[in-house]
Every structure is written in C-alpha cells, then in structure tokens.
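Peer 1: For reference, the structure I am asking about is given below.
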Number of protein chains: 2
Amino acid sequence: MNFLAASGVTVEILQLLEENLRQSVTEDEFIKKSCTPLIQGGKRLRPMLFLLCANSREKILPEKILPLAVALELIHTASLVHDDILDGSKKRRGVETTNSKYGAQIAVLIGDYLFAKAFQLVAEGNYGDEVALILSKLVKNLCRGEIMQDLSLFEIPTLEEYYSRINFKTAIFLSACCRLGGIIGGLNRDEVDGLTVYGNSLGLAFQIVDDVLDFFGDEQLTGKSLGSDLKSGVITLPVIRALKVSDEAENLRGIVTNKNISREDISAAVKIVHGTDAFDYCKFRALAHIDVARISLPQIKNSVKLALEQVADFVVMRNA
Amino acid sequence: MNFLAASGVTVEILQLLEENLRQSVTEDEFIKKSCTPLIQGGKRLRPMLFLLCANSREKILPEKILPLAVALELIHTASLVHDDILDGSKKRRGVETTNSKYGAQIAVLIGDYLFAKAFQLVAEGNYGDEVALILSKLVKNLCRGEIMQDLSLFEIPTLEEYYSRINFKTAIFLSACCRLGGIIGGLNRDEVDGLTVYGNSLGLAFQIVDDVLDFFGDEQLTGKSLGSDLKSGVITLPVIRALKVSDEAENLRGIVTNKNISREDISAAVKIVHGTDAFDYCKFRALAHIDVARISLPQIKNSVKLALEQVADFVVMRNA
C-alpha cells in the first residue's frame with residue numbers, strides 16, 4: 001500500500017507494528033507458540049485505519065500510537081479465534097485454527113487472553129478512560145453482533161436486521177478505529193465525528209463486499225468455496241436481494257432455511273443468486289456507503305485524506 | 001454475614017451491589033434473559049473483599065465503589081461461563097449453564113460480553129489506567145491458570161506446579177480485589193501491599209479448601225459428587241499428598257492418570273485418599289496460608305480488619 005508513504009504512516013511504523021504485535025504474545029512458551037501464527041497475515045485494516053487517523057494533523061510519535069494499534073489487531077484476532085470455535089473452519093489466514101489444533105477449551109482461553117492483553121496494552125499506554133470505554137463498548141458490540149447472527153441462523157433477515165448485524169459485527173469496529181485515531185491525533189469533536197462516520201460507512205461497505213465475495217468471488221483468491229456462509233446458516237445481502245427479484249425465490253428460500261443444507265443445495269442457491277441482479281445491487285449499495293465515507297472525511301492533512309480515500313477504494317475494489 | 005455490619009459495608013450497599021449487578025446485564029432482551037440467571041446466587045466473595053478493603057480507612061461513597069465491585073463479579077461470572085463450556089457441567093449456582101442451554105458458541109459470546117461489560121463499567125467509573133491495568137492482568141492470569149490446567153489434565157503436578165496453577169486460577173484474583181480496594185480506599189503503598197498479600201494467601205487457602213471439599217465434602221452441601229475433579233482430569237493437593245504417603249500410591253497413580261476414568265475408579269481413588277492423612281495435611285496447609293493472610297493485614301479500621309479476619313475464618317471453615 002504505497003499510498004501510505006506520504007501520510008506519516010511510514011514503512012518503519014508498519015514494521016514496528018508487526019514487531020510489537022509479535023512481542024505482545026510472548027509471555028510464556030505456550031502463549032507464544034499458540035498465538036504467534038494467529039497474528040501473522042491479515043490485512044491489518046484496523047490498526048492501519050487507526051494509525052492513519054492518528055496522523056491526521058501531525059506526525060505522532062510511534063510509542064504514543066503503537067500500543068493501541070496493537071490492541072486493536074489483538075481484539076480482532078481474539079474475535080476470530082472465538083468465531084472459529086464452532087463455525088467448523090479448519091484454517092484462518094492460511095494457518096490451522098486454534099480450535100482445530102488445541103480444541104475448543106484452549107481456543108476460548110486464548111481468545112480471552114488476547115482480549116485481556118489488548119486491555120493491558122491500553123492501560124499501560126496511559127490512554128485514559130475515554131479510550132478504554134470505546135474499546136470495551138466495541139468488544140461488547142462485536143459480541144452482540146455475533147449473538148444476533150447466531151440466534152437467527154437459517155432465518156431470512158429483513159434488510160434492517162441485516163444492516164443492524166453488520167453494523168455491530170464490522171462497522172462499529174472500523175468506526176472505533178478511526179474515532180480513536182482522531183482522538184489520539186488531537187482533532188476537535190466535529191472532526192472526530194467525521195472520521196467516525198467515515199469508519200462506520202467504510203465498515204458497512206466492507207462487510208457487504210465480504211458478503212458479495214462469498215457468492216461472486218474467485219475461490220482461488222478468497223480461499224473459500226462459494227456460498228460458504230449458507231453452510232453455516234448466515235443469510236446475507238445477495239440472498240436477500242435474490243429472494244426479492246428471482247423467479248426461483250421460493251426454491252431459494254427453501255434451500256437457505258434448511259439446516260441440513262447440502263453441497264448441491266449450496267451450488268443451486270449460488271446459481272439462483274447469480275441469475276439475478278444481486279451483484280450489481282450489492283455493489284451499488286457498497287459504493288453508496290463509500291460515497292458517504294468520502295464526504296464525511298473532515299479537513300485533515302491532505303496525504304492522510306488521500307490515503308483514507310484510497311483505503312475506501314480498496315475496500316470495494318478488493319477481490320479477496 | 002453479620003460481621004460486616006460495623007465495617008461500613010452495610011446491608012444497603014450489598015443491596016445496591018445486587019441491584020447494580022442486575023442492571024449491568026439489561027442491554028437487550030437476550031442479554032437480560034441469558035445473563036440474569038448467571039449473576040444470581042454466588043458467594044460474592046470478590047466484590048465483598050473489594051468493598052471491605054475500600055472501606056479500610058473511611059466510608060467510601062457507594063457510587064465510587066459499586067461499578068468496580070460489579071465489574072469484579074462480572075469477570076468472575078464470565079470466567080465461570082467459559083469454564084463450563086467444555087467441563088460438561090450442566091448446572092452452576094443451581095441454574096443450567098449457558099453452554100447447556102444455548103450451546104457453546106453463545107456461551108463463548110456471553111462470556112466475552114460479560115468481560116467487556118466489566119471493562120466498560122471500569123472505564124465509565126473513571127478509575128483510571130492503574131485500575132484497568134490490574135483488571136486486565138487479572139483476566140490474563142486467569143486464562144493462563146486455566147490454560148496451565150487444561151494442558152496438564154490427567155498429569156500429576158509437582159507441588160510447585162499445583163501452587164502455580166491455583167495462584168493463577170484463584171489467588172491472583174482475590175489478591176487483585178483486595179489491592180483494588182486498598183487503592184480506591186486511599187491507603188499508602190505499604191498498606192496496599194499488605195492487603196494484596198492478605199488476598200493472595202486467602203486465595204491459596206480458598207482453592208485448597210475447594211480441592212479438599214471435592215474429596216471430603218458433604219455432597220448434599222457442595223452439590224457435587226466426590227472426586228468430580230478427577231473426572232475432568234484435574235489432580236489436586238489431596239491426591240498429590242496421597243501419592244506420597246499411601247501404600248496404594250501406584251494404584252492411585254494409575255487411576256488418576258487414566259483418561260477413561262470410570263465412576264468406580266473415582267470411588268476407589270476417593271477411598272485411597274480417605275485412607276491417608278491428606279485431609280489434615282491440606283487443612284494445615286490452608287491454615288498456614290490463613291495465618292499469613294492475617295498477619296499481613298495492615299493497620300486499618302478495626303471493624304474492617306475484624307471482618308477480613310472473619311472472611312479468612314469463613315474460607316477455611318466453610319463446608320460448601
């Protein structure tokens with residue numbers, strides 16, 4: 001991501017982020033062995049958004065921002081470790097999941113450990129109660145989003161329910177990263193609010209694109225087979241759209257609400273979705289959120305604004 | 001616990017604690033429904049220790065101490081919810097476990113939610129980074145203790161390994177409650193350190209007594225069948241002692257390290273342990289820690305000191 005170069009988020013800072021992430025999970029032999037693979041790979045979208053927003057006005061000293069950047073990635077990692085426990089995935093970011101390797105109980109504890117470590121870094125970084133409050137609410141909302149999802153598996157959500165879920169699951173997280181950056185970067189309340197809306201809209205678009213890739217992505221690039229959300233009973237925007245416009249809506253409804261959905265069922269469902277305008281519909285919705293993200297950006301350093309706009313483009317253009 | 005009356009921890013404060021606990025899990029319908037039963041019952045040992053220590057010098061306003069007291073009980077509850085996921089217990093505190101009622105994935109998320117809610121209360125209470133640091137380390141250490149235990153199931157620990165595990169699992173938690181109380185109560189560093197040692201020693205005694213009750217308790221009172229730790233592969237002090245002094249040590253060793261331990265095996269193991277001095281040995285060790293706890297108490301308000309001494313007596317005298 002060379003658009004970062006001018007923004008103050010230098011290659012050196014990104015290297016320090018990786019180094020500090022690695023260092024954050026070395027407390028004992030087992031923690032190191034089990035957690036080091038978990039923090040490798042990943043887009044680093046959350047710490048990146050935070051680091052960019054923190055540099056919105058002037059360059060901030062690395063030691064002032066890195067602990068919180070690491071904490072955000074640890075919280076994300078912890079939530080993935082817990083997500084993987086029962087969704088059956090054997091691999092994540094190309095490595096075996098903690099659940100698959102050590103069993104559910106250790107996976108629960110490793111996730112808890114990573115959450116706690118994140119809060120430790122924030123307390124040690126002396127960021128104060130406002131920052132800790134944003135982080136704790138963020139974790140709480142992640143849980144609420146996942147609970148929402150788990151309680152309505154194999155049920156067709158309304159558009160409102162879909163948006164509420166992706167807001168809790170993804171958008172609130174990205175929004176918190178930007179908000180925290182703005183606060184640490186010393187922006188005023190209006191500017192911080194602008195970055196918050198940017199992050200929230202970006203998050204909605206990000207999750208919609210994720211959901212689109214599950215139906216229209218290149219399996220080689222995403223590393224997941226098409227329609228994998230359906231297998232776990234998660235019904236997303238492409239299906240909601242197809243159910244509204246497809247001639248085969250009733251057939252699709254029967255397939256996606258069946259808890260014993262087979263591989264063939266999934267292929268059939270993917271085919272029905274492909275036969276509609278779901279791709280364009282979702283892409284246009286995602287683009288609308290990206291537009292909101294862009295126009296919400298406050299007056300900040302030009303290089304950071306440019307970088308955040310490019311992150312927004314990346315979110316909708318990505319194919320994995 | 002009428003010994004509390006004079007200490008400043010009044011009936012009104014304890015009622016407020018219950019009320020605030022209930023209020024802490026009302027964010028949405030499902031959280032309320034699933035969490036309310038979890039916070040009912042329980043000895044409230046952790047918030048009680050905190051409240052007593054916070055009142056060591058003068059009476060502290062309820063609004064200054066209740067959020068943290070609630071947070072400590074929520075962290076304890078969260079760790080129980082996560083513990084119950086794979087240890088197979090169907091009931092806890094007399095109610096069905098979250099795992100048994102809603103499945104593992106929801107139990108993971110509810111535990112995460114309760115942890116996050118605890119950190120939210122602390123951030124909202126403006127306790128500052130030092131308090132948040134103690135809490136985050138405490139959660140981290142709880143995880144490390146449980147991981148230690150999980151990685152060595154059906155293995156016979158050395159005395160050092162046993163102490164290290166119960167220190168992480170229990171003693172560090174009680175010690176943190178007392179330390180936090182001392183800090184909020186405005187004690188000086190030496191006094192806070194004294195309360196910390198008190199809590200730590202109390203915690204070691206508490207866990208030893210727990211482990212003794214698993215072999216020598218009254219099943220009607222504890223609500224658990226004798227030797228239940230053996231079933232899950234957790235080998236504790238009574239067994240460590242019996243393995244050292246019993247004529248049937250080799251037999252016992254074979255039983256407790258067998259992952260397919262049967263109900264009959266457990267009865268046989270309990271009988272072997274009963275045939276040794278394990279009860280007295282463990283009780284004397286617990287009493288030694290209680291002595292350390294007592295003599296570590298700093299010069300504080302007499303009524304609080306008396307109450308903390310009585311908590312110490314309760315810990316070794318309890319039969320459930």
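Here, A, B, ... name the chains of the structure tokens in the order displayed, residue numbers run from 1 inside each chain, and ligands are numbered from 1 in the same displayed order.
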Residues of chain A within 6 Å of chain B, counting only C-alpha atoms, what are they? List them as a VMD selection string.
Peer 2: chain A and resid 109 113 116 119 to 120 123 126 128 to 129 132 to 133 136 139 to 140 143
Peer 1: DSSP on the backbone, strand (DSSP E or B) only: what residues of range 80-284 of chain A does that give? Format it as a short mmCIF file (atom, residue, chain, number, x, y, z; two decimals) with C-alpha atoms, in the first residue's frame.
Peer 2:
```
data_model
loop_
_atom_site.label_atom_id
_atom_site.label_comp_id
_atom_site.auth_asym_id
_atom_site.auth_seq_id
_atom_site.Cartn_x
_atom_site.Cartn_y
_atom_site.Cartn_z
CA LYS A 91 -7.98 -22.70 8.58
CA ARG A 92 -7.83 -18.94 9.03
CA VAL A 95 -2.97 -21.42 9.29
CA GLU A 96 -4.79 -24.06 11.30
#
```
Peer 1: Once chain B has been least-squares superposed onto chain A, matching all their Cα atoms in order, can you return it as a short mmCIF file (atom, residue, chain, number, x, y, z; two decimals) with C-alpha atoms, in the first residue's frame?
Peer 2:
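Final file, part-v4.cif:
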```
data_model
loop_
_atom_site.label_atom_id
_atom_site.label_comp_id
_atom_site.auth_asym_id
_atom_site.auth_seq_id
_atom_site.Cartn_x
_atom_site.Cartn_y
_atom_site.Cartn_z
CA MET B 1 0.01 -0.06 0.09
CA ASN B 2 2.37 2.62 -1.20
CA PHE B 3 -0.29 5.33 -0.93
CA LEU B 4 0.61 5.34 2.75
CA ALA B 5 4.11 6.67 2.19
CA ALA B 6 3.27 10.35 2.42
CA SER B 7 0.73 10.08 5.20
CA GLY B 8 3.14 9.74 8.10
CA VAL B 9 2.37 6.03 8.43
CA THR B 10 5.82 5.05 7.25
CA VAL B 11 7.25 1.66 6.45
CA GLU B 12 9.18 1.95 9.70
CA ILE B 13 5.97 2.34 11.72
CA LEU B 14 4.37 -0.61 9.98
CA GLN B 15 7.44 -2.71 10.73
CA LEU B 16 7.27 -1.58 14.35
CA LEU B 17 3.60 -2.56 14.41
CA GLU B 18 4.50 -6.08 13.30
CA GLU B 19 7.35 -6.26 15.78
CA ASN B 20 5.16 -5.03 18.66
CA LEU B 21 2.39 -7.44 17.69
CA ARG B 22 4.85 -10.32 17.83
CA GLN B 23 6.19 -9.10 21.17
CA SER B 24 2.69 -8.86 22.62
CA VAL B 25 2.25 -12.63 22.70
CA THR B 26 5.50 -13.85 24.21
CA GLU B 27 4.52 -14.02 27.88
CA ASP B 28 5.12 -17.72 28.18
CA GLU B 29 6.10 -20.58 25.93
CA PHE B 30 2.60 -21.82 25.20
CA ILE B 31 1.15 -18.35 24.58
CA LYS B 32 4.00 -17.66 22.16
CA LYS B 33 3.65 -20.97 20.35
CA SER B 34 -0.11 -20.79 20.02
CA CYS B 35 -0.58 -17.07 19.33
CA THR B 36 2.32 -16.23 17.02
CA PRO B 37 0.76 -17.97 13.99
CA LEU B 38 -2.55 -16.21 14.72
CA ILE B 39 -1.15 -12.72 14.34
CA GLN B 40 0.70 -13.45 11.11
CA GLY B 41 -1.02 -12.48 7.89
CA GLY B 42 -4.19 -10.41 7.93
CA LYS B 43 -4.87 -7.13 6.20
CA ARG B 44 -4.11 -5.02 9.31
CA LEU B 45 -7.07 -2.85 8.22
CA ARG B 46 -8.01 -1.89 11.77
CA PRO B 47 -4.59 -0.73 13.04
CA MET B 48 -3.97 0.90 9.66
CA LEU B 49 -7.14 2.99 9.90
CA PHE B 50 -6.23 3.95 13.44
CA LEU B 51 -2.65 4.90 12.52
CA LEU B 52 -3.78 6.96 9.52
CA CYS B 53 -6.40 8.86 11.54
CA ALA B 54 -3.95 9.42 14.38
CA ASN B 55 -1.67 11.15 11.86
CA SER B 56 -4.49 13.37 10.54
CA ARG B 57 -2.91 16.58 11.73
CA GLU B 58 0.73 15.99 12.51
CA LYS B 59 3.03 13.03 12.82
CA ILE B 60 2.52 11.27 16.15
CA LEU B 61 5.37 9.53 17.94
CA PRO B 62 5.26 5.77 17.35
CA GLU B 63 5.38 4.97 21.07
CA LYS B 64 2.22 7.00 21.56
CA ILE B 65 0.19 5.11 18.99
CA LEU B 66 1.63 1.62 18.66
CA PRO B 67 0.21 0.05 21.86
CA LEU B 68 -3.32 0.99 20.84
CA ALA B 69 -2.73 -0.11 17.23
CA VAL B 70 -1.54 -3.48 18.53
CA ALA B 71 -4.53 -3.68 20.91
CA LEU B 72 -6.96 -3.19 18.01
CA GLU B 73 -5.40 -6.02 16.01
CA LEU B 74 -5.37 -8.27 19.09
CA ILE B 75 -9.08 -7.64 19.67
CA HIS B 76 -9.76 -8.51 16.03
CA THR B 77 -7.65 -11.65 16.34
CA ALA B 78 -9.36 -12.67 19.58
CA SER B 79 -12.77 -12.35 17.96
CA LEU B 80 -11.62 -14.50 15.02
CA VAL B 81 -10.30 -17.18 17.39
CA HIS B 82 -13.66 -17.29 19.14
CA ASP B 83 -15.59 -17.20 15.84
CA ASP B 84 -13.67 -20.20 14.59
CA ILE B 85 -14.63 -22.35 17.56
CA LEU B 86 -17.93 -23.56 16.26
CA ASP B 87 -18.10 -22.49 12.65
CA GLY B 88 -16.06 -25.52 11.72
CA SER B 89 -13.34 -23.69 9.79
CA LYS B 90 -10.05 -25.54 9.95
CA LYS B 91 -7.96 -22.70 8.58
CA ARG B 92 -7.80 -18.93 9.02
CA ARG B 93 -5.28 -16.61 7.42
CA GLY B 94 -3.71 -19.74 5.95
CA VAL B 95 -2.93 -21.40 9.29
CA GLU B 96 -4.75 -24.05 11.30
CA THR B 97 -7.30 -22.54 13.70
CA THR B 98 -6.65 -22.68 17.45
CA ASN B 99 -9.82 -24.71 17.83
CA SER B 100 -8.71 -27.27 15.30
CA LYS B 101 -5.21 -27.48 16.77
CA TYR B 102 -5.80 -27.37 20.53
CA GLY B 103 -9.54 -27.89 20.99
CA ALA B 104 -12.37 -25.59 21.97
CA GLN B 105 -11.44 -24.99 25.60
CA ILE B 106 -7.96 -23.71 24.77
CA ALA B 107 -9.40 -21.65 21.91
CA VAL B 108 -11.79 -19.98 24.36
CA LEU B 109 -8.93 -19.22 26.75
CA ILE B 110 -6.54 -17.98 24.04
CA GLY B 111 -9.25 -15.60 22.79
CA ASP B 112 -9.84 -14.37 26.34
CA TYR B 113 -6.11 -13.94 26.79
CA LEU B 114 -5.82 -11.83 23.64
CA PHE B 115 -8.76 -9.62 24.69
CA ALA B 116 -7.21 -9.12 28.12
CA LYS B 117 -3.79 -8.43 26.63
CA ALA B 118 -5.33 -5.71 24.46
CA PHE B 119 -6.81 -4.00 27.51
CA GLN B 120 -3.50 -4.35 29.30
CA LEU B 121 -1.65 -2.58 26.48
CA VAL B 122 -4.18 0.24 26.53
CA ALA B 123 -3.93 0.65 30.30
CA GLU B 124 -0.11 0.59 30.15
CA GLY B 125 -0.19 3.11 27.31
CA ASN B 126 -2.00 5.53 29.64
CA TYR B 127 -4.62 6.35 27.05
CA GLY B 128 -7.16 7.10 29.78
CA ASP B 129 -10.73 6.07 30.46
CA GLU B 130 -12.31 7.50 27.28
CA VAL B 131 -10.19 5.24 25.07
CA ALA B 132 -10.80 2.22 27.32
CA LEU B 133 -14.53 2.94 27.18
CA ILE B 134 -14.57 2.98 23.38
CA LEU B 135 -12.66 -0.30 23.30
CA SER B 136 -14.85 -2.07 25.84
CA LYS B 137 -18.03 -0.98 24.06
CA LEU B 138 -16.53 -2.13 20.80
CA VAL B 139 -15.89 -5.64 22.16
CA LYS B 140 -19.39 -5.71 23.68
CA ASN B 141 -20.92 -4.75 20.36
CA LEU B 142 -18.89 -7.34 18.48
CA CYS B 143 -20.40 -9.93 20.82
CA ARG B 144 -23.88 -8.55 20.35
CA GLY B 145 -23.49 -8.72 16.57
CA GLU B 146 -22.30 -12.31 16.70
CA ILE B 147 -25.07 -13.27 19.13
CA MET B 148 -27.63 -11.68 16.80
CA GLN B 149 -26.20 -13.74 13.96
CA ASP B 150 -26.10 -16.97 15.97
CA LEU B 151 -29.67 -16.62 17.17
CA SER B 152 -31.03 -16.24 13.66
CA LEU B 153 -29.09 -18.80 11.65
CA PHE B 154 -31.07 -20.21 8.71
CA GLU B 155 -33.56 -17.38 9.10
CA ILE B 156 -34.07 -14.75 6.44
CA PRO B 157 -33.27 -11.33 7.89
CA THR B 158 -35.08 -8.16 6.90
CA LEU B 159 -32.86 -5.50 5.37
CA GLU B 160 -32.92 -3.70 8.72
CA GLU B 161 -31.84 -6.84 10.57
CA TYR B 162 -29.05 -7.43 8.06
CA TYR B 163 -27.77 -3.86 8.48
CA SER B 164 -28.03 -4.01 12.24
CA ARG B 165 -25.99 -7.20 12.31
CA ILE B 166 -23.20 -5.98 10.00
CA ASN B 167 -23.14 -2.71 11.89
CA PHE B 168 -22.46 -4.51 15.18
CA LYS B 169 -20.18 -7.13 13.61
CA THR B 170 -17.96 -4.93 11.45
CA ALA B 171 -18.87 -1.27 11.04
CA ILE B 172 -18.70 -0.31 14.72
CA PHE B 173 -15.19 -1.79 14.88
CA LEU B 174 -13.80 0.15 11.89
CA SER B 175 -15.58 3.24 13.12
CA ALA B 176 -13.98 2.88 16.57
CA CYS B 177 -10.52 2.56 14.97
CA CYS B 178 -11.00 5.86 13.15
CA ARG B 179 -12.54 7.57 16.18
CA LEU B 180 -9.66 6.50 18.40
CA GLY B 181 -7.20 7.76 15.80
CA GLY B 182 -8.93 11.13 15.68
CA ILE B 183 -8.91 11.43 19.47
CA ILE B 184 -5.22 10.49 19.81
CA GLY B 185 -4.41 12.74 16.85
CA GLY B 186 -5.85 15.72 18.72
CA LEU B 187 -8.71 16.53 16.33
CA ASN B 188 -11.70 18.49 17.57
CA ARG B 189 -15.04 16.81 18.28
CA ASP B 190 -16.58 17.58 14.89
CA GLU B 191 -13.55 16.21 13.08
CA VAL B 192 -13.51 13.11 15.27
CA ASP B 193 -17.22 12.63 14.50
CA GLY B 194 -16.46 12.93 10.78
CA LEU B 195 -13.80 10.21 10.99
CA THR B 196 -16.25 8.08 12.99
CA VAL B 197 -18.87 8.30 10.24
CA TYR B 198 -16.17 7.58 7.65
CA GLY B 199 -15.19 4.41 9.54
CA ASN B 200 -18.75 3.31 10.04
CA SER B 201 -19.69 3.70 6.36
CA LEU B 202 -16.45 2.04 5.32
CA GLY B 203 -17.32 -0.86 7.62
CA LEU B 204 -20.77 -1.34 6.14
CA ALA B 205 -19.26 -1.35 2.64
CA PHE B 206 -16.50 -3.71 3.74
CA GLN B 207 -18.95 -6.27 5.10
CA ILE B 208 -21.25 -6.02 2.07
CA VAL B 209 -18.27 -6.65 -0.20
CA ASP B 210 -17.30 -9.60 2.00
CA ASP B 211 -20.79 -10.98 1.59
CA VAL B 212 -20.67 -10.39 -2.17
CA LEU B 213 -17.33 -12.19 -2.46
CA ASP B 214 -18.90 -15.20 -0.76
CA PHE B 215 -21.17 -15.52 -3.82
CA PHE B 216 -19.22 -13.95 -6.65
CA GLY B 217 -15.57 -14.16 -5.58
CA ASP B 218 -12.76 -16.16 -7.13
CA GLU B 219 -12.39 -19.21 -4.88
CA GLN B 220 -8.66 -19.29 -5.61
CA LEU B 221 -8.25 -15.75 -4.31
CA THR B 222 -10.67 -15.79 -1.35
CA GLY B 223 -9.59 -19.26 -0.25
CA LYS B 224 -13.23 -20.12 0.48
CA SER B 225 -15.75 -22.04 -1.59
CA LEU B 226 -18.70 -20.06 -2.92
CA GLY B 227 -21.75 -19.89 -0.66
CA SER B 228 -19.82 -20.87 2.46
CA ASP B 229 -21.95 -18.51 4.58
CA LEU B 230 -25.02 -20.52 3.61
CA LYS B 231 -23.47 -23.66 5.01
CA SER B 232 -23.27 -22.06 8.45
CA GLY B 233 -26.75 -20.58 8.07
CA VAL B 234 -25.72 -16.95 7.67
CA ILE B 235 -28.00 -15.25 5.15
CA THR B 236 -26.59 -12.10 3.62
CA LEU B 237 -27.47 -9.28 1.24
CA PRO B 238 -27.07 -11.15 -2.09
CA VAL B 239 -29.66 -13.70 -0.94
CA ILE B 240 -31.96 -11.05 0.50
CA ARG B 241 -31.88 -9.35 -2.91
CA ALA B 242 -32.36 -12.56 -4.88
CA LEU B 243 -35.32 -13.51 -2.71
CA LYS B 244 -36.94 -10.26 -3.77
CA VAL B 245 -36.35 -10.42 -7.52
CA SER B 246 -35.74 -14.01 -8.57
CA ASP B 247 -38.38 -16.18 -10.28
CA GLU B 248 -36.94 -19.00 -8.21
CA ALA B 249 -37.33 -17.15 -4.92
CA GLU B 250 -39.44 -19.85 -3.28
CA ASN B 251 -36.91 -22.51 -4.20
CA LEU B 252 -34.07 -20.34 -2.85
CA ARG B 253 -36.00 -19.67 0.37
CA GLY B 254 -36.44 -23.40 0.91
CA ILE B 255 -32.74 -24.07 0.37
CA VAL B 256 -31.27 -21.35 2.58
CA THR B 257 -33.60 -22.02 5.53
CA ASN B 258 -32.86 -25.74 5.56
CA LYS B 259 -30.50 -26.60 8.40
CA ASN B 260 -29.37 -29.73 6.58
CA ILE B 261 -28.27 -27.78 3.51
CA SER B 262 -26.14 -29.97 1.23
CA ARG B 263 -23.25 -29.10 -1.05
CA GLU B 264 -25.60 -29.46 -4.04
CA ASP B 265 -28.16 -27.16 -2.39
CA ILE B 266 -25.47 -24.52 -1.94
CA SER B 267 -24.45 -24.76 -5.62
CA ALA B 268 -28.11 -24.42 -6.61
CA ALA B 269 -28.55 -21.38 -4.35
CA VAL B 270 -25.40 -19.73 -5.72
CA LYS B 271 -26.72 -20.31 -9.24
CA ILE B 272 -30.07 -18.72 -8.42
CA VAL B 273 -28.33 -15.71 -6.89
CA HIS B 274 -26.08 -15.44 -9.98
CA GLY B 275 -29.23 -15.35 -12.15
CA THR B 276 -30.33 -12.06 -10.55
CA ASP B 277 -29.03 -8.50 -10.31
CA ALA B 278 -27.76 -9.22 -6.77
CA PHE B 279 -24.13 -8.46 -7.69
CA ASP B 280 -24.86 -4.99 -9.08
CA TYR B 281 -27.41 -4.27 -6.35
CA CYS B 282 -24.93 -5.07 -3.58
CA LYS B 283 -22.02 -3.34 -5.32
CA PHE B 284 -24.09 -0.17 -5.75
CA ARG B 285 -25.10 -0.25 -2.10
CA ALA B 286 -21.48 -0.70 -1.06
CA LEU B 287 -20.48 2.20 -3.32
CA ALA B 288 -23.16 4.38 -1.74
CA HIS B 289 -21.61 3.74 1.68
CA ILE B 290 -18.18 4.52 0.28
CA ASP B 291 -19.54 7.84 -1.01
CA VAL B 292 -20.82 8.63 2.47
CA ALA B 293 -17.42 7.64 3.86
CA ARG B 294 -15.62 10.01 1.48
CA ILE B 295 -17.81 13.04 2.04
CA SER B 296 -17.66 12.54 5.82
CA LEU B 297 -13.89 12.97 5.91
CA PRO B 298 -13.04 16.18 7.77
CA GLN B 299 -10.41 18.71 6.70
CA ILE B 300 -7.24 16.89 7.62
CA LYS B 301 -3.71 16.57 6.26
CA ASN B 302 -4.03 16.00 2.52
CA SER B 303 -1.82 12.94 2.42
CA VAL B 304 -3.88 11.22 5.11
CA LYS B 305 -7.14 12.17 3.41
CA LEU B 306 -5.82 10.71 0.17
CA ALA B 307 -4.75 7.53 1.94
CA LEU B 308 -8.16 7.14 3.61
CA GLU B 309 -9.85 7.64 0.23
CA GLN B 310 -7.64 4.97 -1.21
CA VAL B 311 -8.49 2.62 1.64
CA ALA B 312 -12.13 3.23 0.73
CA ASP B 313 -11.41 2.37 -2.92
CA PHE B 314 -9.51 -0.73 -1.83
CA VAL B 315 -12.47 -1.89 0.25
CA VAL B 316 -14.84 -2.00 -2.73
CA MET B 317 -12.31 -2.99 -5.38
CA ARG B 318 -10.72 -5.86 -3.48
CA ASN B 319 -11.26 -9.39 -4.71
CA ALA B 320 -10.19 -11.23 -1.56
#
```
Peer 1: From a DSSP pass on the backbone, collect the residues of range 3-68 of chain A flagged as alpha helix (DSSP H) and hand them back as an MDAnalysis selection string.
Peer 2: chainID A and resid 11:23 29:39 45:54 62:68
